[in-house]
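File shown: my_file27.txt. Contents: compact mmCIF, C-alpha atoms.
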```txt
# COMPACT_ATOMS: atom_id res chain seq x y z
CA MET A 29 14.29 -10.89 -17.09
CA THR A 30 11.35 -8.79 -18.14
CA ALA A 31 8.03 -9.86 -19.58
CA VAL A 32 5.05 -8.02 -20.94
CA VAL A 33 2.11 -7.42 -18.62
CA ALA A 34 -0.91 -7.10 -20.92
CA GLU A 35 -3.49 -4.32 -20.38
CA LEU A 36 -7.04 -5.70 -20.49
CA SER A 37 -10.46 -4.14 -20.94
CA ASP A 38 -14.00 -5.56 -21.05
CA SER A 39 -13.58 -6.20 -24.78
CA ASN A 40 -10.46 -8.37 -24.72
CA PHE A 41 -10.64 -9.93 -21.23
CA ASN A 42 -12.32 -13.24 -22.14
CA ASP A 43 -10.03 -13.81 -25.10
CA PHE A 44 -6.96 -13.32 -22.94
CA VAL A 45 -7.90 -15.74 -20.16
CA ALA A 46 -9.16 -18.35 -22.67
CA LYS A 47 -5.99 -18.14 -24.76
CA HIS A 48 -3.50 -18.70 -21.92
CA LYS A 49 -3.19 -21.92 -19.93
CA VAL A 50 -2.53 -20.09 -16.64
CA ALA A 51 -3.16 -16.38 -16.33
CA LEU A 52 -3.05 -13.85 -13.51
CA VAL A 53 -5.09 -10.66 -13.81
CA ASP A 54 -4.41 -7.74 -11.46
CA PHE A 55 -7.53 -5.54 -11.07
CA TYR A 56 -6.44 -2.02 -10.17
CA ALA A 57 -7.31 1.66 -10.41
CA ASP A 58 -5.23 4.79 -10.68
CA TRP A 59 -6.86 6.14 -7.52
CA CYS A 60 -5.85 3.14 -5.40
CA GLY A 61 -2.54 3.39 -3.50
CA PRO A 62 -2.12 -0.26 -2.51
CA CYS A 63 -2.67 -1.16 -6.19
CA GLN A 64 0.37 0.88 -7.11
CA ALA A 65 2.38 -1.01 -4.50
CA MET A 66 1.55 -4.23 -6.36
CA LYS A 67 2.99 -3.00 -9.65
CA PRO A 68 6.69 -3.75 -9.01
CA VAL A 69 5.71 -7.10 -7.50
CA ILE A 70 3.66 -8.11 -10.54
CA ASP A 71 6.36 -6.90 -12.93
CA GLU A 72 8.98 -9.04 -11.18
CA LEU A 73 6.71 -12.08 -11.08
CA ALA A 74 5.97 -11.72 -14.78
CA GLY A 75 9.69 -11.92 -15.44
CA GLU A 76 10.29 -14.85 -13.09
CA MET A 77 7.36 -16.92 -14.35
CA LYS A 78 7.72 -16.06 -18.01
CA GLY A 79 6.57 -18.92 -20.22
CA LYS A 80 4.58 -20.54 -17.38
CA VAL A 81 2.06 -17.86 -16.43
CA SER A 82 0.67 -14.98 -18.48
CA PHE A 83 0.23 -11.73 -16.62
CA ALA A 84 -2.26 -8.95 -17.23
CA LYS A 85 -3.73 -5.95 -15.48
CA ALA A 86 -7.26 -4.62 -15.76
CA ASN A 87 -8.03 -0.98 -15.03
CA MET A 88 -11.39 -0.55 -13.27
CA ASP A 89 -12.26 2.32 -15.60
CA LYS A 90 -11.94 0.04 -18.62
CA ALA A 91 -12.89 -3.37 -17.26
CA GLY A 92 -15.73 -2.39 -14.90
CA ALA A 93 -18.23 -4.90 -16.29
CA THR A 94 -15.71 -7.73 -15.97
CA ALA A 95 -14.91 -6.73 -12.38
CA ASN A 96 -18.63 -6.72 -11.65
CA LYS A 97 -19.04 -10.16 -13.21
CA TYR A 98 -16.42 -11.60 -10.85
CA GLY A 99 -17.92 -9.84 -7.83
CA ILE A 100 -14.92 -7.61 -7.23
CA MET A 101 -15.69 -5.06 -4.50
CA SER A 102 -12.19 -4.33 -3.32
CA ILE A 103 -8.92 -3.59 -5.08
CA PRO A 104 -6.24 -4.67 -5.60
CA THR A 105 -7.74 -8.07 -6.42
CA LEU A 106 -5.73 -10.73 -8.22
CA LEU A 107 -7.67 -13.41 -10.11
CA ILE A 108 -5.93 -16.58 -11.27
CA PHE A 109 -7.34 -18.42 -14.27
CA LYS A 110 -6.58 -21.86 -15.64
CA ASN A 111 -7.85 -22.72 -19.12
CA GLY A 112 -10.21 -19.76 -18.94
CA LYS A 113 -11.75 -20.74 -15.62
CA MET A 114 -11.26 -18.69 -12.46
CA MET A 115 -9.44 -20.84 -9.91
CA ASP A 116 -8.15 -18.51 -7.20
CA ARG A 117 -8.61 -15.01 -5.83
CA LEU A 118 -6.32 -12.82 -3.73
CA VAL A 119 -7.79 -9.64 -2.26
CA GLY A 120 -5.35 -6.96 -1.09
CA ALA A 121 -1.60 -6.53 -1.36
CA PHE A 122 0.39 -9.76 -0.94
CA PRO A 123 4.10 -10.60 -0.80
CA LYS A 124 5.64 -11.91 -3.99
CA ASP A 125 6.47 -15.39 -2.72
CA MET A 126 2.92 -15.98 -1.60
CA ILE A 127 1.49 -15.11 -5.02
CA LYS A 128 4.18 -17.27 -6.60
CA GLN A 129 3.16 -20.24 -4.46
CA ARG A 130 -0.50 -19.87 -5.42
CA LEU A 131 0.51 -19.70 -9.09
CA ALA A 132 2.87 -22.68 -8.79
CA LYS A 133 -0.08 -24.84 -7.76
CA MET A 134 -1.82 -23.97 -11.03
CA VAL A 135 1.23 -24.64 -13.17
CA GLU A 136 1.87 -28.16 -11.78
CA MET B 29 24.46 -17.76 1.71
CA ASP B 30 24.55 -14.09 0.74
CA SER B 31 25.96 -11.93 3.48
CA TYR B 32 25.18 -8.28 4.26
CA GLU B 33 26.38 -5.70 6.74
CA VAL B 34 22.81 -4.61 7.35
CA ILE B 35 19.46 -6.14 6.48
CA ILE B 36 16.48 -3.82 6.74
CA ILE B 37 13.08 -5.43 7.18
CA GLY B 38 10.23 -3.29 5.90
CA LEU B 39 9.75 -1.17 2.80
CA GLY B 40 7.72 1.75 4.08
CA PRO B 41 9.12 5.26 4.70
CA ALA B 42 11.45 4.08 7.50
CA GLY B 43 12.82 0.99 5.73
CA CYS B 44 13.34 2.74 2.43
CA THR B 45 15.14 5.70 3.99
CA ALA B 46 17.27 3.37 6.12
CA GLY B 47 18.23 1.62 2.86
CA ILE B 48 19.27 4.89 1.25
CA TYR B 49 21.37 6.03 4.22
CA ALA B 50 22.95 2.63 4.86
CA THR B 51 24.02 2.40 1.21
CA ARG B 52 25.49 5.90 1.34
CA PHE B 53 27.37 4.97 4.51
CA GLY B 54 28.96 2.30 2.34
CA LEU B 55 27.31 -0.66 4.07
CA LYS B 56 26.42 -3.75 2.02
CA THR B 57 22.68 -3.36 2.36
CA LEU B 58 19.58 -5.44 1.65
CA VAL B 59 15.99 -4.25 2.11
CA ILE B 60 13.28 -6.89 2.36
CA GLY B 61 9.64 -5.74 2.28
CA LYS B 62 6.41 -7.62 1.84
CA GLU B 63 4.31 -4.59 0.99
CA PRO B 64 6.17 -1.81 -0.83
CA GLY B 65 5.08 1.51 0.71
CA GLY B 66 3.31 0.03 3.72
CA GLN B 67 0.50 1.93 5.36
CA ALA B 68 1.56 5.18 3.67
CA ASN B 69 0.06 3.80 0.44
CA GLU B 70 -3.42 4.33 1.77
CA ALA B 71 -3.03 8.06 2.31
CA HIS B 72 -5.21 9.65 -0.33
CA LYS B 73 -3.44 12.98 -0.30
CA ILE B 74 -0.42 14.19 1.60
CA ASP B 75 0.09 17.89 2.25
CA ASN B 76 2.70 17.81 4.99
CA TYR B 77 5.73 16.24 3.35
CA PRO B 78 7.98 19.19 2.47
CA GLY B 79 8.62 19.53 -1.24
CA MET B 80 5.77 17.29 -2.30
CA LEU B 81 2.48 19.16 -1.89
CA GLY B 82 -0.77 17.34 -2.59
CA VAL B 83 0.77 14.04 -3.58
CA LYS B 84 -0.71 10.58 -3.05
CA GLY B 85 0.93 8.40 -0.38
CA ALA B 86 1.59 5.66 -2.91
CA ASP B 87 3.33 8.14 -5.23
CA ILE B 88 5.68 9.38 -2.50
CA MET B 89 6.51 5.80 -1.64
CA SER B 90 7.20 4.86 -5.22
CA LYS B 91 9.55 7.90 -5.43
CA PHE B 92 11.31 6.66 -2.27
CA ARG B 93 11.88 3.27 -3.92
CA GLU B 94 13.07 4.74 -7.22
CA HIS B 95 15.50 6.91 -5.25
CA ALA B 96 16.80 3.89 -3.32
CA LYS B 97 17.19 1.80 -6.48
CA ALA B 98 18.99 4.61 -8.27
CA LEU B 99 21.58 4.58 -5.48
CA GLY B 100 22.00 0.83 -5.85
CA VAL B 101 19.99 -0.34 -2.85
CA GLU B 102 19.13 -4.02 -3.22
CA ILE B 103 15.40 -4.61 -2.64
CA ILE B 104 13.49 -7.90 -2.36
CA TYR B 105 9.68 -7.94 -2.33
CA THR B 106 8.93 -10.73 0.06
CA GLU B 107 8.11 -11.59 3.62
CA VAL B 108 10.67 -12.41 6.30
CA VAL B 109 9.36 -15.60 7.91
CA ASP B 110 12.06 -16.14 10.52
CA ILE B 111 15.05 -14.46 12.11
CA LYS B 112 17.72 -15.93 14.37
CA LYS B 113 20.63 -14.58 16.32
CA LYS B 114 24.02 -16.23 16.00
CA SER B 115 27.35 -15.43 17.60
CA ASP B 116 28.46 -12.80 15.07
CA GLY B 117 25.18 -11.61 13.58
CA PHE B 118 21.82 -12.79 12.34
CA ILE B 119 20.19 -15.21 9.90
CA VAL B 120 17.19 -13.75 8.08
CA LYS B 121 14.91 -16.26 6.40
CA THR B 122 12.35 -15.56 3.68
CA GLU B 123 10.14 -17.99 1.76
CA SER B 124 12.73 -18.14 -0.97
CA GLY B 125 16.10 -17.83 0.74
CA GLU B 126 18.34 -17.22 3.72
CA TYR B 127 20.61 -14.25 4.28
CA GLU B 128 23.31 -13.43 6.76
CA ALA B 129 23.52 -10.01 8.40
CA LYS B 130 25.92 -8.27 10.76
CA SER B 131 23.10 -5.96 11.89
CA VAL B 132 19.35 -5.67 11.44
CA ILE B 133 16.99 -2.70 11.23
CA ILE B 134 13.38 -3.55 11.99
CA ALA B 135 11.01 -1.19 10.17
CA THR B 136 7.98 -3.43 9.93
CA GLY B 137 5.40 -0.78 10.74
CA LYS B 138 1.90 -1.61 11.85
CA LYS B 139 -0.78 -3.84 10.49
CA ARG B 140 -4.51 -3.54 10.77
CA ARG B 141 -6.35 -5.12 13.59
CA GLN B 142 -8.52 -7.91 12.14
CA ASP B 143 -10.52 -9.19 15.05
CA ILE B 144 -14.18 -8.76 14.14
CA PRO B 145 -15.80 -12.13 13.40
CA GLY B 146 -16.65 -12.29 9.71
CA GLU B 147 -14.11 -9.61 8.77
CA ASN B 148 -11.57 -11.91 7.14
CA GLU B 149 -14.14 -14.26 5.63
CA LEU B 150 -15.91 -11.39 3.84
CA ARG B 151 -12.85 -9.31 2.89
CA GLY B 152 -13.23 -8.33 -0.74
CA ARG B 153 -16.90 -9.33 -0.51
CA GLY B 154 -18.01 -6.07 1.03
CA VAL B 155 -15.43 -5.78 3.80
CA SER B 156 -12.70 -3.28 3.00
CA ASN B 157 -9.91 -1.44 4.79
CA CYS B 158 -9.40 1.20 2.14
CA ALA B 159 -12.13 3.70 1.35
CA THR B 160 -9.79 5.47 -1.08
CA CYS B 161 -9.57 2.24 -3.08
CA ASP B 162 -13.07 0.87 -2.82
CA ALA B 163 -15.57 3.71 -2.25
CA PRO B 164 -16.56 3.80 -5.97
CA PHE B 165 -17.76 0.16 -5.71
CA PHE B 166 -20.49 1.28 -3.29
CA LYS B 167 -22.34 3.78 -5.43
CA ASN B 168 -25.94 4.10 -4.12
CA LYS B 169 -25.31 1.37 -1.54
CA VAL B 170 -25.46 1.41 2.25
CA VAL B 171 -22.14 1.21 4.09
CA CYS B 172 -20.81 1.25 7.62
CA VAL B 173 -17.46 2.61 8.82
CA ILE B 174 -16.02 1.31 12.10
CA GLY B 175 -13.68 3.53 14.07
CA GLY B 176 -13.15 6.93 15.65
CA SER B 177 -9.85 8.06 14.13
CA ASN B 178 -9.11 10.58 11.41
CA SER B 179 -8.97 7.70 8.92
CA ALA B 180 -12.40 6.50 9.99
CA VAL B 181 -14.03 9.92 9.64
CA MET B 182 -12.26 10.65 6.34
CA SER B 183 -13.38 7.26 5.04
CA ALA B 184 -16.99 8.08 5.96
CA LEU B 185 -16.76 11.45 4.20
CA MET B 186 -15.29 9.83 1.10
CA LEU B 187 -17.91 7.07 1.10
CA ALA B 188 -20.74 9.60 1.48
CA GLU B 189 -19.79 10.92 -1.96
CA HIS B 190 -20.74 7.54 -3.47
CA ALA B 191 -23.02 5.63 -1.11
CA LYS B 192 -26.63 6.60 -0.47
CA LYS B 193 -26.19 6.13 3.28
CA THR B 194 -23.07 5.91 5.44
CA TYR B 195 -23.07 4.89 9.10
CA LEU B 196 -20.07 5.91 11.16
CA THR B 197 -19.91 3.76 14.26
CA TYR B 198 -17.53 4.03 17.18
CA ARG B 199 -17.10 1.80 20.20
CA LYS B 200 -16.79 4.71 22.60
CA GLY B 201 -18.49 8.09 22.99
CA LYS B 202 -18.18 11.17 20.79
CA ASP B 203 -15.77 12.88 23.17
CA ASP B 204 -13.43 9.88 22.99
CA MET B 205 -12.97 10.15 19.24
CA ARG B 206 -9.34 10.63 18.19
CA ALA B 207 -10.35 12.38 14.97
CA MET B 208 -9.80 16.11 14.66
CA PRO B 209 -12.89 18.11 15.67
CA THR B 210 -13.16 19.78 12.23
CA TRP B 211 -13.46 16.37 10.57
CA VAL B 212 -16.04 15.22 13.12
CA THR B 213 -18.13 18.34 12.45
CA SER B 214 -17.95 17.71 8.69
CA ALA B 215 -19.28 14.18 9.24
CA GLU B 216 -21.99 15.34 11.66
CA THR B 217 -23.33 17.94 9.27
CA ASN B 218 -23.25 15.62 6.25
CA PRO B 219 -26.88 14.56 5.58
CA LYS B 220 -25.76 11.17 4.23
CA ILE B 221 -23.78 10.25 7.35
CA GLU B 222 -25.33 8.92 10.55
CA MET B 223 -23.05 8.61 13.56
CA ILE B 224 -23.68 5.91 16.16
CA PHE B 225 -21.69 5.88 19.40
CA ASN B 226 -20.94 3.24 22.05
CA ALA B 227 -21.55 0.55 19.44
CA ILE B 228 -19.20 -2.42 19.71
CA PRO B 229 -19.05 -4.53 16.53
CA LYS B 230 -19.88 -8.18 17.25
CA ARG B 231 -20.10 -9.85 13.85
CA ILE B 232 -20.18 -9.07 10.15
CA GLU B 233 -22.81 -11.23 8.50
CA GLY B 234 -23.38 -12.40 4.95
CA LYS B 235 -23.20 -15.54 2.83
CA GLU B 236 -21.48 -14.58 -0.39
CA PHE B 237 -21.43 -10.85 0.26
CA VAL B 238 -21.83 -8.61 3.30
CA GLN B 239 -25.49 -8.29 4.31
CA ALA B 240 -25.46 -6.89 7.82
CA ILE B 241 -23.38 -6.00 10.83
CA LEU B 242 -24.31 -6.82 14.39
CA PHE B 243 -23.45 -4.49 17.30
CA ASP B 244 -23.70 -4.41 21.04
CA LYS B 245 -24.78 -1.03 22.37
CA GLU B 246 -24.82 -0.76 26.14
CA GLY B 247 -25.79 -4.42 26.53
CA LYS B 248 -28.40 -4.47 23.77
CA GLU B 249 -27.81 -5.98 20.35
CA PHE B 250 -28.79 -4.27 17.15
CA SER B 251 -28.02 -4.85 13.53
CA LEU B 252 -27.60 -2.63 10.48
CA LYS B 253 -28.40 -3.87 6.99
CA VAL B 254 -25.41 -2.82 4.91
CA ASP B 255 -23.65 -3.73 1.66
CA GLY B 256 -20.21 -2.72 2.80
CA VAL B 257 -18.19 -2.48 6.01
CA PHE B 258 -15.06 -0.32 6.14
CA VAL B 259 -12.93 -1.29 9.10
CA GLU B 260 -10.80 1.59 10.41
CA ASN B 261 -10.38 0.49 14.01
CA GLY B 262 -6.66 0.92 14.26
CA ALA B 263 -3.46 -0.97 13.69
CA ILE B 264 -1.02 -2.91 15.83
CA PRO B 265 2.80 -2.83 15.70
CA GLN B 266 4.25 -5.79 13.78
CA THR B 267 6.76 -7.00 16.34
CA GLU B 268 6.72 -10.79 15.76
CA LEU B 269 10.27 -10.81 14.35
CA ALA B 270 11.59 -8.37 16.94
CA LEU B 271 10.19 -10.52 19.75
CA LYS B 272 11.96 -13.57 18.34
CA LEU B 273 15.24 -11.74 18.91
CA GLY B 274 14.30 -10.75 22.43
CA VAL B 275 13.73 -7.08 21.61
CA ALA B 276 11.89 -5.26 24.39
CA VAL B 277 8.53 -3.68 23.65
CA GLU B 278 6.34 -1.23 25.58
CA GLU B 279 3.73 -3.03 27.59
CA LYS B 280 0.80 -0.78 26.73
CA SER B 281 1.38 0.08 23.06
CA GLY B 282 3.33 -3.04 22.07
CA LYS B 283 5.85 -0.79 20.28
CA ILE B 284 9.58 -1.51 20.21
CA LYS B 285 11.46 0.52 22.82
CA VAL B 286 14.20 2.55 21.17
CA GLY B 287 16.71 5.09 22.37
CA PRO B 288 17.23 8.46 20.65
CA ASP B 289 19.60 6.71 18.21
CA MET B 290 17.08 3.92 17.37
CA VAL B 291 19.02 1.37 19.36
CA THR B 292 17.05 -1.50 20.93
CA ASN B 293 18.03 -3.58 23.96
CA VAL B 294 19.53 -6.25 21.65
CA LYS B 295 23.04 -5.64 20.29
CA GLY B 296 23.05 -5.16 16.52
CA VAL B 297 19.27 -4.73 16.31
CA PHE B 298 17.92 -1.29 15.48
CA ALA B 299 14.35 -0.22 14.78
CA ALA B 300 12.62 2.65 12.99
CA GLY B 301 9.19 3.92 12.02
CA ASP B 302 5.71 3.21 13.35
CA VAL B 303 6.80 -0.09 14.92
CA THR B 304 8.80 1.87 17.52
CA ASN B 305 7.96 4.26 20.34
CA GLY B 306 10.38 6.79 18.84
CA SER B 307 7.75 9.12 17.42
CA ALA B 308 5.76 9.47 20.66
CA ASP B 309 2.76 8.24 18.62
CA PHE B 310 3.14 10.97 16.00
CA GLU B 311 3.05 8.52 13.12
CA GLN B 312 4.06 10.55 10.10
CA ILE B 313 5.98 9.72 6.93
CA ILE B 314 8.59 12.36 7.64
CA ILE B 315 9.17 11.08 11.17
CA ALA B 316 9.43 7.44 10.07
CA ALA B 317 11.88 8.47 7.34
CA ALA B 318 14.01 10.42 9.84
CA GLU B 319 14.07 7.43 12.17
CA GLY B 320 15.18 5.24 9.26
CA ALA B 321 18.11 7.59 8.58
CA ASN B 322 19.02 7.62 12.25
CA ALA B 323 18.85 3.81 12.51
CA ALA B 324 21.08 3.42 9.45
CA ARG B 325 23.73 5.63 11.06
CA SER B 326 23.58 3.62 14.27
CA ALA B 327 23.92 0.37 12.28
CA TYR B 328 26.93 1.87 10.49
CA LYS B 329 28.58 2.86 13.78
CA TYR B 330 27.90 -0.61 15.16
CA VAL B 331 29.11 -2.60 12.14
CA ARG B 332 32.22 -0.50 11.55
CA LYS B 333 32.90 -0.05 15.27
CA ARG B 334 32.93 3.74 15.05
CA ASP B 335 31.65 4.43 18.54
```

structure tokens encoding of this file:
Amino acid sequence: MTAVVAELSDSNFNDFVAKHKVALVDFYADWCGPCQAMKPVIDELAGEMKGKVSFAKANMDKAGATANKYGIMSIPTLLIFKNGKMMDRLVGAFPKDMIKQRLAKMVE
Amino acid sequence: MDSYEVIIIGLGPAGCTAGIYATRFGLKTLVIGKEPGGQANEAHKIDNYPGMLGVKGADIMSKFREHAKALGVEIIYTEVVDIKKKSDGFIVKTESGEYEAKSVIIATGKKRRQDIPGENELRGRGVSNCATCDAPFFKNKVVCVIGGSNSAVMSALMLAEHAKKTYLTYRKGKDDMRAMPTWVTSAETNPKIEMIFNAIPKRIEGKEFVQAILFDKEGKEFSLKVDGVFVENGAIPQTELALKLGVAVEEKSGKIKVGPDMVTNVKGVFAAGDVTNGSADFEQIIIAAAEGANAARSAYKYVRKRD
């Protein structure tokens, strides 16, 4: 099952996290190798958790101010939002099941 | 329970290549990896993999995976949490399921040492292990790199392009550095880099973000006020699963002992890549990949009794 992973920038970031009950945003950059390793993992998760969690990615070149606002100093960083509020943060590359567990807590 | 002829643990160069070869040998194959690409992802630019000049490590690794998938290799992105031996094979357990295997190839690579107090607490808050990823976040800031390897010196050089001041600190003396002399000279002559030797990191300090790092230099403590700390002090072989099966490791390096055909001391268990002593410490993508191929052939001979 596939699902759309939205592409966010500074201009549509707030709208996205406010609009979705539970959202995961993957902060990445084209220059960052470990970020690329996260891509297949996020794509699979988006499929598996379709309807429960909304997935998005934010390129540092386009969402720099947002990254700054959330104190991001290392990528990949995954932020998990519930009703627009940041609830959890994962810094670095993580296995799929671990991300899924952290998300499951938010969906309950 | 799903059953396989070979389960490969690890999705770096060795694991991926083992998957490709095992599938082409006709074995029912599963590859389980928690971090697609492994340590190769962090290589900024690779100029020594034949046929792929000047490519990023992460790009080579994503090509490896595409190649494997195109041949029908089954890949799961998760962590193996337990492994057990039974009379006719193995049980491999992940967070989400259990799988049966006739043979196992361990290609779990190495993971970074994380033993400086404060390092884990402040990761992502100024502590980083990847200058390629995070250097741009430290524009006009003060940073410190810990380590004496090629990665440490290259990180310092990369950071010096963004930060206003970069300290490169090493626990031993200059002559003990493992980095290539040409890189060391580049760092020494860079006006934005200051090298400090015989400095043993004691603690990374900061409340919300990194503020300072404390060292011990020949019995005296000193601290550097920094915004970022890039830890490049080496990696250790990930042998937890291998040890559970009774696989023998080298005492000094902690690496899995393998024969020329990637066979371990435990029947049905093979190993490949940086987790083994097979490369004589020449940890390269091409060598890990070759070991993966070799391990897959040994697993094939074992499973199909072709010896």

Subject >> Residue nearest Phe55 (chain A) among A:Ala86, A:Ala121, A:Tyr98, A:Met115 (counting all atoms listed in the file) >> reply: A:Ala86

Subject >> Residues of chain A within 9 Å of chain B, only C-alpha atoms counted, as a ChimeraX atom specification >> reply: /A:56-57,59-66,68-69,72,99-105,118-126

Subject >> Atomic separation - CA of Arg93 (chain B) relative to CA of Glu268 (chain B), Å >> reply: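 So the two atoms, CA of Glu268 (chain B) and CA of Arg93 (chain B), lie 24.7 Å apart.
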
Original post:
Excluding same-chain residues fewer than 4 positions from Thr210 (chain B), what lies within 12 Å of it counting only C-alpha atoms, as a PyMOL selection string?
Top reply: chain B and resi 178+181-182+205-206+214-217

Subject >> CA of Leu273 (chain B) to CA of Val294 (chain B), distance in Å rounded to a single decimal >> reply: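 Separation between CA of Leu273 (chain B) and CA of Val294 (chain B): 7.5 Å.
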
Original post:
Skipping near chain neighbours, those fewer than 6 positions away, what residues fall within 10 Å of Asn322 (chain B) using all atoms listed in the file, listed as a list in words?
Top reply: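 Returned residues: Ala42, Thr45, Ala46, Tyr49, Ala50, Pro288, Asp289, Met290, Val291, Phe298, Ala299, Ala300, Ala316 and Tyr328 of chain B.
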
Original post:
Which one of A:Lys110, A:Leu73, A:Phe83, A:Ala46 sits closest to Glu136 (chain A) if you count all atoms listed in the file?
Top reply: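 Closest candidate: A:Lys110.
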
Subject >> One-decimal distance in Å that lies between CA of Ala135 (chain B) and CA of Leu99 (chain B) >> reply: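 Interatomic distance here is 19.7 Å.
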
**OP:** Compare B:Ala317, B:Val83, B:Ala191, B:Val303 by their minimum atom-to-atom distance to Lys169 (chain B), counting only C-alpha atoms, and give me the closest one.
**Re:**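 Of B:Ala317, B:Val83, B:Ala191, B:Val303, the one nearest Lys169 (chain B), counting only C-alpha atoms, is B:Ala191.
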
Subject >> For Glu102 (chain B): contacts at 7 Å, all atoms listed in the file, fewer than 6 positions along chain excluded, given as a ChimeraX atom specification >> reply: /B:57-59

Take the residues from that selection and write them out as a PDB file, in the coordinates of the input, keeping C-alpha atoms.
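Contents of the output file out32.pdb:
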```
ATOM      1  CA  THR B  57      22.680  -3.360   2.360  1.00  0.00           C
ATOM      2  CA  LEU B  58      19.580  -5.440   1.650  1.00  0.00           C
ATOM      3  CA  VAL B  59      15.990  -4.250   2.110  1.00  0.00           C
TER       4      VAL B  59
END
```

Within 7 Å of region 47-50 of chain A, counting all atoms listed in the file, which residues show up once you throw out same-chain ones fewer than 5 positions away? Write them as a compact mmCIF listing (two decimals) with C-alpha atoms, in the coordinates of the input, please.
```
# COMPACT_ATOMS: atom_id res chain seq x y z
CA VAL A 81 2.06 -17.86 -16.43
CA SER A 82 0.67 -14.98 -18.48
CA PHE A 109 -7.34 -18.42 -14.27
CA LYS A 110 -6.58 -21.86 -15.64
CA ASN A 111 -7.85 -22.72 -19.12
CA MET A 134 -1.82 -23.97 -11.03
CA VAL A 135 1.23 -24.64 -13.17
```

**OP:** Would you mind listing what lies within 12 Å of Lys97 (chain A) as a list in words, with only C-alpha atoms counted and same-chain residues fewer than 2 positions away left out?
**Re:** Asp38, Phe41, Asn42, Ala91, Gly92, Ala93, Thr94, Ala95, Gly99, Ile100, Met101 and Met114 of chain A

Using the block above, I'd like region 312-323 of chain B written out, keeping N, CA, C and O atoms and formatting it as a PDB file, in the first residue's frame.
```pdb
ATOM      1  N   GLN B 312      36.419  -1.093   3.458  1.00  0.00           N
ATOM      2  CA  GLN B 312      36.039  -0.425   2.220  1.00  0.00           C
ATOM      3  C   GLN B 312      34.738  -1.034   1.695  1.00  0.00           C
ATOM      4  O   GLN B 312      34.469  -2.214   1.917  1.00  0.00           O
ATOM      5  N   ILE B 313      33.973  -0.244   0.951  1.00  0.00           N
ATOM      6  CA  ILE B 313      32.713  -0.741   0.405  1.00  0.00           C
ATOM      7  C   ILE B 313      32.955  -1.954  -0.494  1.00  0.00           C
ATOM      8  O   ILE B 313      32.260  -2.967  -0.406  1.00  0.00           O
ATOM      9  N   ILE B 314      33.976  -1.833  -1.333  1.00  0.00           N
ATOM     10  CA  ILE B 314      34.216  -2.914  -2.298  1.00  0.00           C
ATOM     11  C   ILE B 314      34.619  -4.211  -1.602  1.00  0.00           C
ATOM     12  O   ILE B 314      34.262  -5.307  -2.045  1.00  0.00           O
ATOM     13  N   ILE B 315      35.335  -4.090  -0.490  1.00  0.00           N
ATOM     14  CA  ILE B 315      35.769  -5.281   0.240  1.00  0.00           C
ATOM     15  C   ILE B 315      34.583  -5.907   0.969  1.00  0.00           C
ATOM     16  O   ILE B 315      34.381  -7.123   0.942  1.00  0.00           O
ATOM     17  N   ALA B 316      33.769  -5.071   1.599  1.00  0.00           N
ATOM     18  CA  ALA B 316      32.576  -5.572   2.294  1.00  0.00           C
ATOM     19  C   ALA B 316      31.655  -6.273   1.296  1.00  0.00           C
ATOM     20  O   ALA B 316      31.106  -7.346   1.561  1.00  0.00           O
ATOM     21  N   ALA B 317      31.487  -5.675   0.122  1.00  0.00           N
ATOM     22  CA  ALA B 317      30.618  -6.255  -0.905  1.00  0.00           C
ATOM     23  C   ALA B 317      31.158  -7.621  -1.338  1.00  0.00           C
ATOM     24  O   ALA B 317      30.411  -8.601  -1.430  1.00  0.00           O
ATOM     25  N   ALA B 318      32.478  -7.694  -1.553  1.00  0.00           N
ATOM     26  CA  ALA B 318      33.091  -8.963  -1.971  1.00  0.00           C
ATOM     27  C   ALA B 318      32.896 -10.029  -0.896  1.00  0.00           C
ATOM     28  O   ALA B 318      32.587 -11.185  -1.199  1.00  0.00           O
ATOM     29  N   GLU B 319      33.031  -9.623   0.357  1.00  0.00           N
ATOM     30  CA  GLU B 319      32.825 -10.592   1.441  1.00  0.00           C
ATOM     31  C   GLU B 319      31.372 -11.072   1.469  1.00  0.00           C
ATOM     32  O   GLU B 319      31.104 -12.233   1.774  1.00  0.00           O
ATOM     33  N   GLY B 320      30.452 -10.173   1.166  1.00  0.00           N
ATOM     34  CA  GLY B 320      29.031 -10.537   1.120  1.00  0.00           C
ATOM     35  C   GLY B 320      28.783 -11.602   0.051  1.00  0.00           C
ATOM     36  O   GLY B 320      28.069 -12.588   0.280  1.00  0.00           O
ATOM     37  N   ALA B 321      29.409 -11.424  -1.112  1.00  0.00           N
ATOM     38  CA  ALA B 321      29.268 -12.387  -2.212  1.00  0.00           C
ATOM     39  C   ALA B 321      29.815 -13.748  -1.784  1.00  0.00           C
ATOM     40  O   ALA B 321      29.193 -14.796  -1.982  1.00  0.00           O
ATOM     41  N   ASN B 322      30.983 -13.699  -1.177  1.00  0.00           N
ATOM     42  CA  ASN B 322      31.672 -14.898  -0.725  1.00  0.00           C
ATOM     43  C   ASN B 322      30.840 -15.641   0.332  1.00  0.00           C
ATOM     44  O   ASN B 322      30.681 -16.863   0.285  1.00  0.00           O
ATOM     45  N   ALA B 323      30.278 -14.893   1.271  1.00  0.00           N
ATOM     46  CA  ALA B 323      29.458 -15.486   2.337  1.00  0.00           C
ATOM     47  C   ALA B 323      28.213 -16.142   1.755  1.00  0.00           C
ATOM     48  O   ALA B 323      27.799 -17.221   2.189  1.00  0.00           O
TER      49      ALA B 323
END
```
